[in-house]
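Asks: Input start-v1.cif, format and content: mmCIF, C-alpha atoms.
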data_protein
#
loop_
_atom_site.label_atom_id
_atom_site.label_comp_id
_atom_site.auth_asym_id
_atom_site.auth_seq_id
_atom_site.Cartn_x
_atom_site.Cartn_y
_atom_site.Cartn_z
CA MET A 168 -9.07 -0.31 62.62
CA SER A 169 -12.25 -2.17 61.59
CA GLN A 170 -12.47 -3.57 58.10
CA MET A 171 -14.90 -2.01 55.62
CA ASN A 172 -17.91 -4.09 54.71
CA PRO A 173 -17.95 -4.19 50.86
CA SER A 174 -21.69 -4.97 50.85
CA THR A 175 -22.52 -1.70 52.65
CA CYS A 176 -22.13 1.68 50.92
CA THR A 177 -22.59 5.19 52.28
CA ILE A 178 -24.45 7.73 50.21
CA ALA A 179 -22.13 10.74 50.18
CA GLY A 180 -24.27 13.03 48.01
CA ILE A 181 -27.23 13.37 45.70
CA GLU A 182 -27.05 15.39 42.50
CA MET A 183 -30.48 16.51 41.23
CA GLY A 184 -29.05 18.13 38.11
CA HIS A 185 -30.30 21.64 38.81
CA HIS A 186 -27.18 23.23 37.33
CA ALA A 187 -26.41 20.60 34.68
CA ALA A 188 -26.87 21.39 30.99
CA CYS A 189 -28.53 18.00 30.57
CA LEU A 190 -29.30 14.97 32.68
CA PRO A 191 -27.80 11.55 32.07
CA ALA A 192 -30.26 9.17 30.49
CA MET A 193 -30.96 5.48 31.00
CA VAL A 194 -32.20 4.21 27.65
CA GLU A 195 -34.10 1.03 26.94
CA TRP A 196 -34.39 -0.21 23.37
CA GLU A 197 -37.76 -1.09 21.93
CA THR A 198 -36.27 -3.51 19.40
CA GLY A 199 -33.71 -5.34 21.53
CA VAL A 200 -30.68 -5.02 23.78
CA LEU A 201 -27.62 -2.89 23.01
CA LYS A 202 -24.35 -4.84 22.84
CA ALA A 203 -21.57 -3.36 24.97
CA GLU A 204 -19.03 -3.29 22.10
CA LYS A 205 -21.45 -1.26 19.93
CA ALA A 206 -21.95 1.52 22.50
CA PRO A 207 -18.89 3.63 21.43
CA ASP A 208 -20.21 3.75 17.84
CA LEU A 209 -23.48 5.45 18.80
CA VAL A 210 -23.96 9.14 17.93
CA CYS A 211 -26.32 11.12 20.19
CA SER A 212 -28.01 14.45 19.52
CA PHE A 213 -30.44 16.65 21.47
CA ARG A 214 -33.19 18.65 19.80
CA PRO A 215 -35.17 21.34 21.69
CA ASN A 216 -38.83 20.45 22.13
CA LYS A 217 -40.55 21.93 25.21
CA ILE A 218 -44.01 20.76 24.15
CA LYS A 219 -43.47 17.01 23.78
CA SER A 220 -40.62 16.51 26.25
CA PRO A 221 -40.76 17.38 29.98
CA SER A 222 -37.03 18.16 29.95
CA GLY A 223 -37.44 20.50 26.99
CA ARG A 224 -35.26 18.28 24.77
CA GLU A 225 -35.61 15.19 22.61
CA LEU A 226 -32.78 12.68 22.32
CA PHE A 227 -31.90 11.10 18.96
CA VAL A 228 -29.49 8.17 18.68
CA GLN A 229 -27.87 7.09 15.41
CA ALA A 230 -26.46 3.57 15.01
CA GLU A 231 -24.88 3.08 11.56
CA ASP A 232 -27.75 3.71 9.09
CA LYS A 233 -30.55 3.52 11.70
CA VAL A 234 -31.90 6.43 13.73
CA PHE A 235 -33.76 6.06 17.04
CA LYS A 236 -35.79 8.64 18.92
CA ALA A 237 -35.62 8.31 22.71
CA GLU A 238 -38.92 9.27 24.41
CA GLU A 239 -39.97 9.34 28.04
CA ASN A 240 -40.63 5.84 29.32
CA SER A 241 -44.24 5.90 30.53
CA ALA A 242 -43.62 2.85 32.72
CA THR A 243 -41.26 4.83 34.98
CA LYS A 244 -42.75 8.31 34.89
CA ASN A 245 -44.18 8.06 38.47
CA PHE A 246 -40.81 7.75 40.19
CA HIS A 247 -37.26 9.14 39.93
CA SER A 248 -34.26 7.11 38.79
CA PHE A 249 -30.71 7.67 39.90
CA ILE A 250 -27.33 6.50 38.62
CA ALA A 251 -24.96 5.48 41.44
CA ILE A 252 -21.22 6.01 41.10
CA ARG A 253 -19.17 4.17 43.74
CA ASN A 254 -15.69 5.04 44.99
CA THR A 255 -14.04 1.66 45.48
CA ASN A 256 -11.48 3.07 47.93
CA THR A 257 -13.92 4.75 50.36
CA ASN A 258 -16.98 2.62 49.55
CA LYS A 259 -19.02 5.81 49.21
CA ILE A 260 -21.47 6.49 46.41
CA ARG A 261 -22.93 9.58 44.77
CA LEU A 262 -26.38 9.51 43.19
CA PHE A 263 -27.13 11.38 39.96
CA LEU A 264 -30.70 12.05 38.84
CA ALA A 265 -31.32 10.46 35.44
CA GLU A 266 -34.07 10.37 32.84
CA ASN A 267 -35.76 7.08 31.88
CA LEU A 268 -36.14 6.90 28.11
CA ILE A 269 -37.17 4.30 25.58
CA ALA A 270 -35.61 4.37 22.08
CA LYS A 271 -37.88 3.73 19.10
CA LYS A 272 -36.70 3.37 15.51
CA LEU A 273 -37.68 6.22 13.15
CA ASN A 274 -38.85 5.66 9.62
CA GLN A 275 -36.80 6.91 6.64
CA GLN A 276 -38.80 10.12 6.28
CA ASP A 277 -38.26 11.19 9.87
CA GLN A 278 -34.51 10.51 9.74
CA THR A 279 -33.91 13.74 7.82
CA VAL A 280 -33.82 15.45 11.21
CA LEU A 281 -30.24 14.16 11.62
CA GLY A 282 -29.08 14.62 8.05
CA SER A 283 -27.57 18.10 7.92
CA GLU A 284 -23.92 18.90 8.56
CA SER A 285 -24.76 21.30 11.36
CA ASN A 286 -26.68 18.58 13.21
CA ILE A 287 -23.73 16.21 12.84
CA SER A 288 -21.41 18.78 14.43
CA SER A 289 -23.98 19.41 17.16
CA ARG A 290 -24.22 15.68 17.90
CA PHE A 291 -20.46 15.41 18.12
CA ARG A 292 -20.21 18.31 20.57
CA SER A 293 -23.07 16.95 22.69
CA MET A 294 -21.47 13.53 22.89
CA GLN A 295 -18.12 15.09 23.87
CA ASP A 296 -19.83 17.15 26.58
CA LEU A 297 -21.49 14.05 28.00
CA LYS A 298 -18.19 12.17 28.08
CA ARG A 299 -16.44 15.03 29.84
CA ALA A 300 -19.24 15.48 32.39
CA PHE A 301 -20.14 11.88 33.26
CA GLY A 302 -17.61 9.64 31.53
CA SER A 303 -14.81 7.59 33.05
CA LYS A 304 -11.22 8.78 32.96
CA ARG A 305 -10.68 6.78 29.81
CA SER A 306 -13.74 8.32 28.13
CA LYS A 307 -12.58 11.81 29.12
CA ARG A 308 -9.13 11.18 27.66
CA MET A 309 -10.66 9.87 24.43
CA ALA A 310 -12.91 12.92 24.21
CA GLU A 311 -9.93 15.25 24.59
CA GLN A 312 -7.94 13.31 21.97
CA GLN A 313 -10.83 13.36 19.49
CA GLU A 314 -11.26 17.09 20.00
CA ARG A 315 -7.56 17.72 19.36
CA MET A 316 -7.64 15.50 16.26
CA ARG A 317 -10.70 17.37 14.99
CA MET A 318 -8.92 20.70 15.46
CA ASN A 319 -5.75 19.43 13.76
CA LEU A 320 -7.77 18.07 10.84
CA ASN A 321 -9.53 21.41 10.37
CA GLN A 322 -6.16 23.21 10.43
CA LEU A 323 -4.74 20.76 7.89
CA ASN A 324 -7.70 21.25 5.55
CA ASP A 325 -7.27 25.03 5.79
CA SER A 326 -3.54 24.74 5.00
CA ILE A 327 -4.19 22.49 2.00
CA ASN A 328 -6.85 24.83 0.63
CA GLU A 329 -4.54 27.81 1.01
CA ALA A 330 -1.71 25.96 -0.74
CA ILE A 331 -3.98 24.97 -3.63
CA MET A 332 -5.21 28.53 -4.04
CA GLU A 333 -1.69 29.98 -3.97
CA LYS A 334 -0.08 27.48 -6.35
CA GLN A 335 -1.04 27.84 -10.01
CA VAL A 336 0.23 24.80 -11.91
CA THR A 337 1.23 25.36 -15.54
CA VAL A 338 1.61 22.77 -18.28
CA GLU A 339 5.41 23.17 -18.22
CA GLU A 340 5.54 22.24 -14.53
CA VAL A 341 3.78 18.88 -14.93
CA ASN A 342 6.23 15.94 -14.93
CA ILE A 343 5.24 14.33 -18.24
CA HIS A 344 7.64 12.29 -20.35
CA THR A 345 7.40 10.92 -23.83
CA ALA A 346 7.76 7.20 -24.37
CA ALA A 347 11.35 7.69 -25.59
CA ASP A 348 12.25 9.46 -22.33
CA LEU A 349 10.71 6.63 -20.33
CA TYR A 350 12.49 3.82 -22.16
CA LYS A 351 15.81 5.66 -21.95
CA ASP A 352 15.86 4.77 -18.24
CA ILE A 353 15.75 1.02 -18.83
CA LEU A 354 17.41 0.50 -22.24
CA PRO A 355 21.09 0.65 -23.24
CA PRO A 356 22.01 2.83 -26.26
CA CYS A 357 19.91 1.71 -29.22
CA ASN A 358 20.58 2.61 -32.86
CA ARG A 359 17.08 2.65 -34.29
CA ASN A 360 18.42 3.78 -37.67
CA ALA A 361 20.81 0.85 -38.02
CA GLU A 362 21.08 -0.86 -41.41
CA LYS A 363 22.18 -4.16 -39.87
CA VAL A 364 20.68 -6.06 -36.93
CA GLU A 365 24.18 -6.34 -35.44
CA ASP A 366 24.35 -2.55 -35.11
CA ILE A 367 21.09 -2.07 -33.14
CA TYR A 368 22.63 -3.02 -29.78
CA ARG A 369 26.35 -3.25 -29.07
CA LEU A 370 27.68 -5.63 -26.41
CA GLU A 371 30.26 -3.09 -25.21
CA ASN A 372 27.40 -0.83 -24.07
CA LEU A 373 26.41 -3.55 -21.59
CA ILE A 374 29.75 -5.13 -20.66
CA ASP A 375 33.21 -4.64 -22.19
CA ASP A 376 35.84 -7.27 -22.98
CA SER A 377 37.96 -6.56 -19.90
CA GLU A 378 34.95 -7.12 -17.64
CA LEU A 379 34.06 -10.31 -19.51
CA ASP A 380 37.58 -11.58 -18.76
CA ASP A 381 36.55 -11.82 -15.08
CA TYR A 382 34.38 -14.76 -16.18
CA GLN A 383 37.28 -16.54 -17.97
CA GLU A 384 37.94 -19.09 -15.24
CA LEU A 385 34.24 -19.93 -14.92
CA ALA A 386 33.89 -20.23 -18.70
CA GLU A 387 36.75 -22.74 -18.85
CA SER A 388 35.13 -24.77 -16.07
CA VAL A 389 31.86 -24.83 -18.03
CA GLN A 390 33.61 -26.03 -21.20
CA ASN A 391 35.31 -28.86 -19.35
CA ALA A 392 32.30 -29.94 -17.26
CA SER A 393 29.93 -32.76 -18.04
CA SER A 394 26.19 -32.20 -18.42
CA GLU A 395 25.62 -33.79 -14.99
CA GLU A 396 28.13 -31.42 -13.36
CA LEU A 397 26.52 -28.41 -15.05
CA THR A 398 23.07 -29.44 -13.85
CA GLU A 399 24.35 -29.88 -10.31
CA ASN A 400 26.42 -26.67 -10.04
CA CYS A 401 24.71 -24.15 -12.35
CA SER A 402 21.31 -22.48 -12.34
CA ARG A 403 18.47 -23.78 -14.47
CA PHE A 404 18.51 -20.55 -16.48
CA PHE A 405 22.18 -21.04 -17.38
CA THR A 406 21.96 -24.72 -18.28
CA ASP A 407 18.75 -24.33 -20.30
CA VAL A 408 20.00 -21.37 -22.34
CA LEU A 409 23.40 -23.04 -22.81
CA GLY A 410 21.55 -25.85 -24.58
CA LEU A 411 20.13 -23.31 -27.07
CA LEU A 412 23.51 -21.87 -28.08
CA PRO A 413 25.05 -22.95 -31.40
CA LYS A 414 27.32 -25.96 -31.03
CA PRO A 415 30.05 -25.65 -30.09
CA ALA A 416 29.49 -22.48 -28.07
CA THR A 417 32.30 -19.96 -28.23
CA ASP A 418 34.25 -18.76 -25.22
CA ARG A 419 32.74 -15.29 -25.65
CA GLN A 420 29.15 -16.60 -25.78
CA ILE A 421 29.64 -18.55 -22.55
CA LYS A 422 31.06 -15.52 -20.74
CA VAL A 423 28.15 -13.34 -21.89
CA LEU A 424 25.72 -16.03 -20.71
CA LEU A 425 27.50 -16.15 -17.33
CA TYR A 426 27.05 -12.39 -16.98
CA ALA A 427 23.36 -12.72 -17.93
CA ASP A 428 23.05 -15.43 -15.27
CA THR A 429 24.54 -13.00 -12.71
CA LEU A 430 21.81 -10.48 -13.60
CA VAL A 431 19.10 -13.13 -13.24
CA GLN A 432 20.37 -14.00 -9.76
CA LEU A 433 20.48 -10.29 -8.90
CA ALA A 434 16.83 -9.88 -9.93
CA GLU A 435 15.90 -12.89 -7.77
CA LEU A 436 17.93 -11.74 -4.75
CA LYS A 437 15.80 -10.81 -1.73
CA PRO A 438 16.78 -9.04 0.42
CA LEU A 439 19.37 -7.05 -1.51
CA THR A 440 22.51 -7.35 0.64
CA ASN A 441 26.23 -6.95 -0.01
CA LYS A 442 26.83 -10.53 1.13
CA GLY A 443 24.26 -11.88 -1.33
CA MET A 444 25.64 -9.82 -4.22
CA LYS A 445 29.22 -10.92 -3.50
CA GLN A 446 28.15 -14.55 -3.79
CA ILE A 447 26.80 -14.10 -7.32
CA CYS A 448 29.68 -11.98 -8.69
CA PRO A 449 33.00 -13.45 -9.86
CA SER A 450 34.98 -10.33 -8.98
CA ALA A 451 34.90 -7.04 -7.06
CA ARG A 452 34.78 -5.20 -10.40
CA ILE A 453 31.57 -6.95 -11.51
CA LEU A 454 30.10 -6.40 -8.05
CA GLN A 455 30.71 -2.65 -8.29
CA LYS A 456 29.39 -2.60 -11.86
CA ILE A 457 25.98 -4.07 -10.96
CA LYS A 458 25.76 -1.88 -7.84
CA ASP A 459 26.30 1.26 -9.90
CA ALA A 460 24.01 0.20 -12.75
CA TYR A 461 21.08 -1.43 -10.97
CA THR A 462 20.93 -0.62 -7.26
CA HIS A 463 20.91 2.21 -4.75
CA ASN A 464 22.78 2.08 -1.46
CA SER A 465 19.69 2.26 0.77
CA GLN A 466 17.60 -0.28 -1.15
CA LYS A 467 16.71 -3.64 0.38
CA VAL A 468 14.77 -4.71 -2.73
CA LEU A 469 15.05 -3.66 -6.35
CA SER A 470 12.72 -0.92 -7.48
CA ARG A 471 10.24 -1.75 -10.21
CA ILE A 472 12.08 0.27 -12.86
CA MET A 473 15.42 -1.33 -11.94
CA GLN A 474 13.84 -4.79 -12.13
CA ASP A 475 12.57 -3.99 -15.63
CA LYS A 476 15.98 -2.56 -16.59
CA ILE A 477 17.74 -5.79 -15.56
CA ILE A 478 15.27 -7.94 -17.50
CA CYS A 479 15.63 -5.78 -20.64
CA HIS A 480 19.42 -6.10 -20.44
CA ILE A 481 19.15 -9.87 -20.01
CA PHE A 482 16.89 -10.08 -23.08
CA ILE A 483 19.39 -8.06 -25.14
CA LEU A 484 22.35 -10.19 -23.99
CA LEU A 485 20.46 -13.34 -25.00
CA LEU A 486 19.56 -11.88 -28.40
CA LEU A 487 23.24 -11.10 -29.04
CA ILE A 488 24.38 -14.69 -28.35
CA CYS A 489 21.32 -16.63 -29.61
CA ASN A 490 21.21 -15.41 -33.21
CA TYR A 491 18.80 -12.57 -32.27
CA LYS A 492 16.07 -14.98 -31.26
CA ILE A 493 14.47 -15.60 -27.82
CA PHE A 494 12.29 -18.54 -26.83
CA PHE A 495 10.17 -16.70 -24.29
CA SER A 496 8.11 -19.72 -23.19
CA PHE A 497 11.43 -21.43 -22.46
CA LEU A 498 12.63 -18.53 -20.28
CA ASN A 499 9.31 -18.36 -18.49
CA ASN A 500 9.96 -21.83 -17.08
CA CYS A 501 13.53 -20.97 -16.03
CA SER A 502 12.78 -18.12 -13.62
CA ASN A 503 9.77 -16.28 -12.22
CA ILE A 504 11.30 -12.88 -13.07
CA PHE A 505 10.28 -13.34 -16.73
CA ARG A 506 6.58 -13.98 -16.11
CA ASN A 507 4.27 -11.53 -17.91
CA LYS A 508 7.26 -9.58 -19.28
CA GLN A 509 6.50 -9.90 -23.00
CA SER A 510 5.88 -6.15 -23.08
CA LEU A 511 9.57 -5.56 -22.30
CA LEU A 512 10.55 -7.62 -25.35
CA ARG A 513 8.44 -5.32 -27.49
CA ILE A 514 10.08 -2.27 -25.88
CA ILE A 515 13.57 -3.45 -26.86
CA GLY A 516 12.29 -3.96 -30.42
CA ALA A 517 11.79 -7.75 -30.53
CA THR A 518 8.60 -8.94 -32.21
CA PRO A 519 6.86 -12.35 -32.35
CA PHE A 520 8.55 -14.66 -34.85
CA LEU A 521 5.13 -15.82 -35.99
CA LYS A 522 1.96 -13.75 -35.99
CA ASN A 523 -0.20 -14.15 -32.89
CA ASN A 524 2.47 -16.33 -31.23
CA ASP A 525 4.23 -15.04 -28.10
CA ASN A 526 6.46 -18.08 -27.64
CA VAL A 527 9.33 -16.95 -29.87
CA PHE A 528 10.54 -13.35 -30.33
CA MET A 529 13.10 -12.07 -32.82
CA LEU A 530 15.07 -8.85 -33.27
CA ARG A 531 14.90 -7.77 -36.91
CA LEU A 532 14.73 -4.74 -39.15
CA PRO A 533 12.89 -2.52 -39.47
CA LEU A 534 12.38 -1.99 -35.73
CA PRO A 535 8.81 -1.26 -34.66
CA SER A 536 8.27 2.32 -33.54
CA LEU A 537 8.00 3.08 -29.85
CA PRO A 538 4.54 4.04 -28.56
CA THR A 539 3.92 7.75 -28.88
CA GLY A 540 2.11 10.16 -26.57
CA ALA A 541 2.60 11.39 -23.03
CA MET A 542 3.33 8.86 -20.33
CA LYS A 543 4.08 9.22 -16.65
CA ILE A 544 7.10 7.42 -15.26
CA ARG A 545 6.16 4.78 -12.68
CA ARG A 546 9.01 3.93 -10.33
#
Could you spell out this file's structure in structure tokens?
Replies:
Amino acid sequence: MSQMNPSTCTIAGIEMGHHAACLPAMVEWETGVLKAEKAPDLVCSFRPNKIKSPSGRELFVQAEDKVFKAEENSATKNFHSFIAIRNTNTNKIRLFLAENLIAKKLNQQDQTVLGSESNISSRFRSMQDLKRAFGSKRSKRMAEQQERMRMNLNQLNDSINEAIMEKQVTVEEVNIHTAADLYKDILPPCNRNAEKVEDIYRLENLIDDSELDDYQELAESVQNASSEELTENCSRFFTDVLGLLPKPATDRQIKVLLYADTLVQLAELKPLTNKGMKQICPSARILQKIKDAYTHNSQKVLSRIMQDKIICHIFILLLLICNYKIFFSFLNNCSNIFRNKQSLLRIIGATPFLKNNDNVFMLRLPLPSLPTGAMKIRR
């Protein structure tokens, strides 16, 4: 069998376009050359005009915010042009009659011809027809996919409109919470009518004595350790706050601070894994306590509301052991979890110790009132 000469092709057929809805067009651009990567972004539209156009149609091309009108190219009107499509397997070609057009940019006033919604839909359908008739296999597949997506989008819009018309939302159905409802999710029980500062927050509502006993061994180690050993083995948060406690610090204060340090490490833990939580908890009981209070089983990171809840509880624990005073600027340097969290101090009832000074906050009576009005919960 003789080998096929790739430089020689056989014309297998000539299509004159007698039965075609429109002829393919070879377009030259008056203002430059079309880049290949920009071709898929063009939108084409035909407009009937039997007077000015020999084919009875005018072609408009839209590229971003520019509109071009493709007219007959006078330089090629005395001869026919064909587009050749070659079969690489048989080395045969088919010739398709094509129009020679030149695209000229329209001014802003003339561009209104392509502005209506009906013309946009017409352009889309015309472009899809051209792809299906003369496009490659890839173009045909894309045309079919776009058509299906267009149909699905129309069905989705109809379904949404029907749902909106059927559902009449009343004021009672809107999920609106007062500020007190919102803060209830992140605060422990708070006695806002207390006559003593000691009665506003109770330690047993955060951790009871039996749970604190799980920190007994660690507390004894802290009391017997030197400052160098504490710096080496403890977090910066723990060592810095320990320096603020009254001297000498009681066994109970140290255990509460150790629990607060566990919560700080929990807030910093990413990702949220059982292995990581076991490493920061002194016992299985404390591990289960923080899981139940601050996490969900499927979470890999803490939600925003849980993060705020942990920080509020840390602030309250520190107030209870630091004479109801917090040096916020000090905490801000200990851990990134406290940055820009002054608003949470105000939520728990702590106010600046000095006016217009956010460095030191203090819990004192009377407590400031919570913000009033309707607020949506952000989780």
Asks: Please measure the separation of atom CA of A:Leu297 and atom CA of A:Arg315, giving the value in Å to one decimal.
Replies: 16.8 Å
Asks: Would you mind telling me which residue in A:Tyr461, A:Phe235, A:Phe528, A:Phe249 lies nearest to A:Leu511 when using all atoms listed in the file?
Replies: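 Under the stated criterion, the closest residue is A:Phe528.
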Asks: Using only C-alpha atoms, list the residues that have an atom at most 12 Å from (19.8, -8.3, -1.4), coordinates as in the file, as a ChimeraX atom specification.
Replies: /A:432-447,458,461-470
Asks: For C-alpha atoms, I'd like the residues from the last selection saved as a PDB file, in the coordinates of the input.
Replies:
ATOM      1  CA  GLN A 432      20.370 -14.000  -9.760  1.00  0.00           C
ATOM      2  CA  LEU A 433      20.480 -10.290  -8.900  1.00  0.00           C
ATOM      3  CA  ALA A 434      16.830  -9.880  -9.930  1.00  0.00           C
ATOM      4  CA  GLU A 435      15.900 -12.890  -7.770  1.00  0.00           C
ATOM      5  CA  LEU A 436      17.930 -11.740  -4.750  1.00  0.00           C
ATOM      6  CA  LYS A 437      15.800 -10.810  -1.730  1.00  0.00           C
ATOM      7  CA  PRO A 438      16.780  -9.040   0.420  1.00  0.00           C
ATOM      8  CA  LEU A 439      19.370  -7.050  -1.510  1.00  0.00           C
ATOM      9  CA  THR A 440      22.510  -7.350   0.640  1.00  0.00           C
ATOM     10  CA  ASN A 441      26.230  -6.950  -0.010  1.00  0.00           C
ATOM     11  CA  LYS A 442      26.830 -10.530   1.130  1.00  0.00           C
ATOM     12  CA  GLY A 443      24.260 -11.880  -1.330  1.00  0.00           C
ATOM     13  CA  MET A 444      25.640  -9.820  -4.220  1.00  0.00           C
ATOM     14  CA  LYS A 445      29.220 -10.920  -3.500  1.00  0.00           C
ATOM     15  CA  GLN A 446      28.150 -14.550  -3.790  1.00  0.00           C
ATOM     16  CA  ILE A 447      26.800 -14.100  -7.320  1.00  0.00           C
ATOM     17  CA  LYS A 458      25.760  -1.880  -7.840  1.00  0.00           C
ATOM     18  CA  TYR A 461      21.080  -1.430 -10.970  1.00  0.00           C
ATOM     19  CA  THR A 462      20.930  -0.620  -7.260  1.00  0.00           C
ATOM     20  CA  HIS A 463      20.910   2.210  -4.750  1.00  0.00           C
ATOM     21  CA  ASN A 464      22.780   2.080  -1.460  1.00  0.00           C
ATOM     22  CA  SER A 465      19.690   2.260   0.770  1.00  0.00           C
ATOM     23  CA  GLN A 466      17.600  -0.280  -1.150  1.00  0.00           C
ATOM     24  CA  LYS A 467      16.710  -3.640   0.380  1.00  0.00           C
ATOM     25  CA  VAL A 468      14.770  -4.710  -2.730  1.00  0.00           C
ATOM     26  CA  LEU A 469      15.050  -3.660  -6.350  1.00  0.00           C
ATOM     27  CA  SER A 470      12.720  -0.920  -7.480  1.00  0.00           C
TER      28      SER A 470
END
Asks: So what do you get for atom CA of A:Phe497 versus atom CA of A:Asp418, distance-wise?
Replies: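 Separating atom CA of A:Phe497 from atom CA of A:Asp418 is a distance of 23.1 Å.
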Asks: Of the candidates A:Asp208, A:Glu378, A:Glu362, A:Asp296, which one gets nearest to A:Pro533 if we count all atoms listed in the file?
Replies: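 The closest residue to A:Pro533 is A:Glu362.
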Asks: Rank A:Thr255, A:Asn245, A:Glu195, A:Glu238 by their smallest atom-to-atom distance to A:Thr177, using all atoms listed in the file, and report the top residue only.
Replies: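 Among the listed residues, A:Thr255 lies closest to A:Thr177.
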Asks: Applied to this file, what does the PyMOL selection byres ((chain A and resi 266) around 9) return in terms of residues, put as a list in words?
Replies: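 Selection result, ordered by chain and number: Leu190, Pro191, Ala192, Met193, Val194, Ser222, Glu239, Asn240, His247, Ser248, Phe249, Leu264, Ala265, Asn267 and Leu268 of chain A.
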Asks: I'd like the residues picked by the PyMOL selection byres ((chain A and resi 460) around 12) written out as a count of residues only, using the chain letters and numbers from the file.
Replies: 27
Asks: Pick from A:Asn507, A:Ser303, A:Ser212, A:Ser450: nearest to A:Glu384, with only C-alpha atoms counted?
Replies: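 Ranking A:Asn507, A:Ser303, A:Ser212, A:Ser450 by distance to A:Glu384, first place goes to A:Ser450.
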Asks: What is the distance, in Å and to one decimal place, between atom CA of A:Asp381 and atom CA of A:Pro449?
Replies: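 Going from atom CA of A:Asp381 over to atom CA of A:Pro449 covers 6.5 Å.
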Asks: The PyMOL selection byres ((chain A and resi 509) around 12) on the file shown: which residues, as a tab-separated table (two decimals) with C-alpha atoms, keeping the file's coordinate frame?
Replies:
chain	number	residue	atom	x	y	z
A	475	ASP	CA	12.57	-3.99	-15.63
A	478	ILE	CA	15.27	-7.94	-17.50
A	479	CYS	CA	15.63	-5.78	-20.64
A	482	PHE	CA	16.89	-10.08	-23.08
A	493	ILE	CA	14.47	-15.60	-27.82
A	494	PHE	CA	12.29	-18.54	-26.83
A	495	PHE	CA	10.17	-16.70	-24.29
A	496	SER	CA	8.11	-19.72	-23.19
A	498	LEU	CA	12.63	-18.53	-20.28
A	499	ASN	CA	9.31	-18.36	-18.49
A	504	ILE	CA	11.30	-12.88	-13.07
A	505	PHE	CA	10.28	-13.34	-16.73
A	506	ARG	CA	6.58	-13.98	-16.11
A	507	ASN	CA	4.27	-11.53	-17.91
A	508	LYS	CA	7.26	-9.58	-19.28
A	510	SER	CA	5.88	-6.15	-23.08
A	511	LEU	CA	9.57	-5.56	-22.30
A	512	LEU	CA	10.55	-7.62	-25.35
A	513	ARG	CA	8.44	-5.32	-27.49
A	514	ILE	CA	10.08	-2.27	-25.88
A	515	ILE	CA	13.57	-3.45	-26.86
A	516	GLY	CA	12.29	-3.96	-30.42
A	517	ALA	CA	11.79	-7.75	-30.53
A	518	THR	CA	8.60	-8.94	-32.21
A	519	PRO	CA	6.86	-12.35	-32.35
A	524	ASN	CA	2.47	-16.33	-31.23
A	525	ASP	CA	4.23	-15.04	-28.10
A	526	ASN	CA	6.46	-18.08	-27.64
A	527	VAL	CA	9.33	-16.95	-29.87
A	528	PHE	CA	10.54	-13.35	-30.33
Asks: Let me make sure I understand: among A:Leu534, A:Ser502, A:Asn391, A:Tyr350, which one has the smallest atom-to-atom distance to A:Ile367 if we use only C-alpha atoms?
Replies: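 Smallest separation from A:Ile367 among the options: A:Leu534.
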Asks: Between A:Ile488, A:Ile250, A:Val364, A:Ala451, which one has atoms that come closest to A:Ala416, using only C-alpha atoms?
Replies: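 Closest to A:Ala416, using only C-alpha atoms: A:Ile488.
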Asks: Taking the partial coordinates given, rebuild stretch 418-428 of chain A to contain N, CA and C atoms; return it as a PDB file, in the frame of the given file.
Replies:
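As a result, selection.pdb now contains:
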ATOM      1  N   ASP A 418      33.841 -19.233 -26.540  1.00  0.00           N
ATOM      2  CA  ASP A 418      34.250 -18.760 -25.220  1.00  0.00           C
ATOM      3  C   ASP A 418      33.535 -17.443 -24.882  1.00  0.00           C
ATOM      4  N   ARG A 419      33.391 -16.583 -25.859  1.00  0.00           N
ATOM      5  CA  ARG A 419      32.740 -15.290 -25.650  1.00  0.00           C
ATOM      6  C   ARG A 419      31.255 -15.468 -25.335  1.00  0.00           C
ATOM      7  N   GLN A 420      30.571 -16.348 -26.025  1.00  0.00           N
ATOM      8  CA  GLN A 420      29.150 -16.600 -25.780  1.00  0.00           C
ATOM      9  C   GLN A 420      28.917 -17.101 -24.351  1.00  0.00           C
ATOM     10  N   ILE A 421      29.789 -17.996 -23.897  1.00  0.00           N
ATOM     11  CA  ILE A 421      29.640 -18.550 -22.550  1.00  0.00           C
ATOM     12  C   ILE A 421      29.826 -17.463 -21.500  1.00  0.00           C
ATOM     13  N   LYS A 422      30.814 -16.582 -21.708  1.00  0.00           N
ATOM     14  CA  LYS A 422      31.060 -15.520 -20.740  1.00  0.00           C
ATOM     15  C   LYS A 422      29.894 -14.526 -20.706  1.00  0.00           C
ATOM     16  N   VAL A 423      29.324 -14.218 -21.866  1.00  0.00           N
ATOM     17  CA  VAL A 423      28.150 -13.340 -21.890  1.00  0.00           C
ATOM     18  C   VAL A 423      26.974 -13.999 -21.173  1.00  0.00           C
ATOM     19  N   LEU A 424      26.794 -15.308 -21.387  1.00  0.00           N
ATOM     20  CA  LEU A 424      25.720 -16.030 -20.710  1.00  0.00           C
ATOM     21  C   LEU A 424      25.944 -16.054 -19.199  1.00  0.00           C
ATOM     22  N   LEU A 425      27.195 -16.177 -18.770  1.00  0.00           N
ATOM     23  CA  LEU A 425      27.500 -16.150 -17.330  1.00  0.00           C
ATOM     24  C   LEU A 425      27.146 -14.786 -16.727  1.00  0.00           C
ATOM     25  N   TYR A 426      27.422 -13.722 -17.478  1.00  0.00           N
ATOM     26  CA  TYR A 426      27.050 -12.390 -16.980  1.00  0.00           C
ATOM     27  C   TYR A 426      25.534 -12.235 -16.931  1.00  0.00           C
ATOM     28  N   ALA A 427      24.824 -12.759 -17.948  1.00  0.00           N
ATOM     29  CA  ALA A 427      23.360 -12.720 -17.930  1.00  0.00           C
ATOM     30  C   ALA A 427      22.813 -13.507 -16.741  1.00  0.00           C
ATOM     31  N   ASP A 428      23.464 -14.634 -16.419  1.00  0.00           N
ATOM     32  CA  ASP A 428      23.050 -15.430 -15.270  1.00  0.00           C
ATOM     33  C   ASP A 428      23.256 -14.658 -13.963  1.00  0.00           C
TER      34      ASP A 428
END
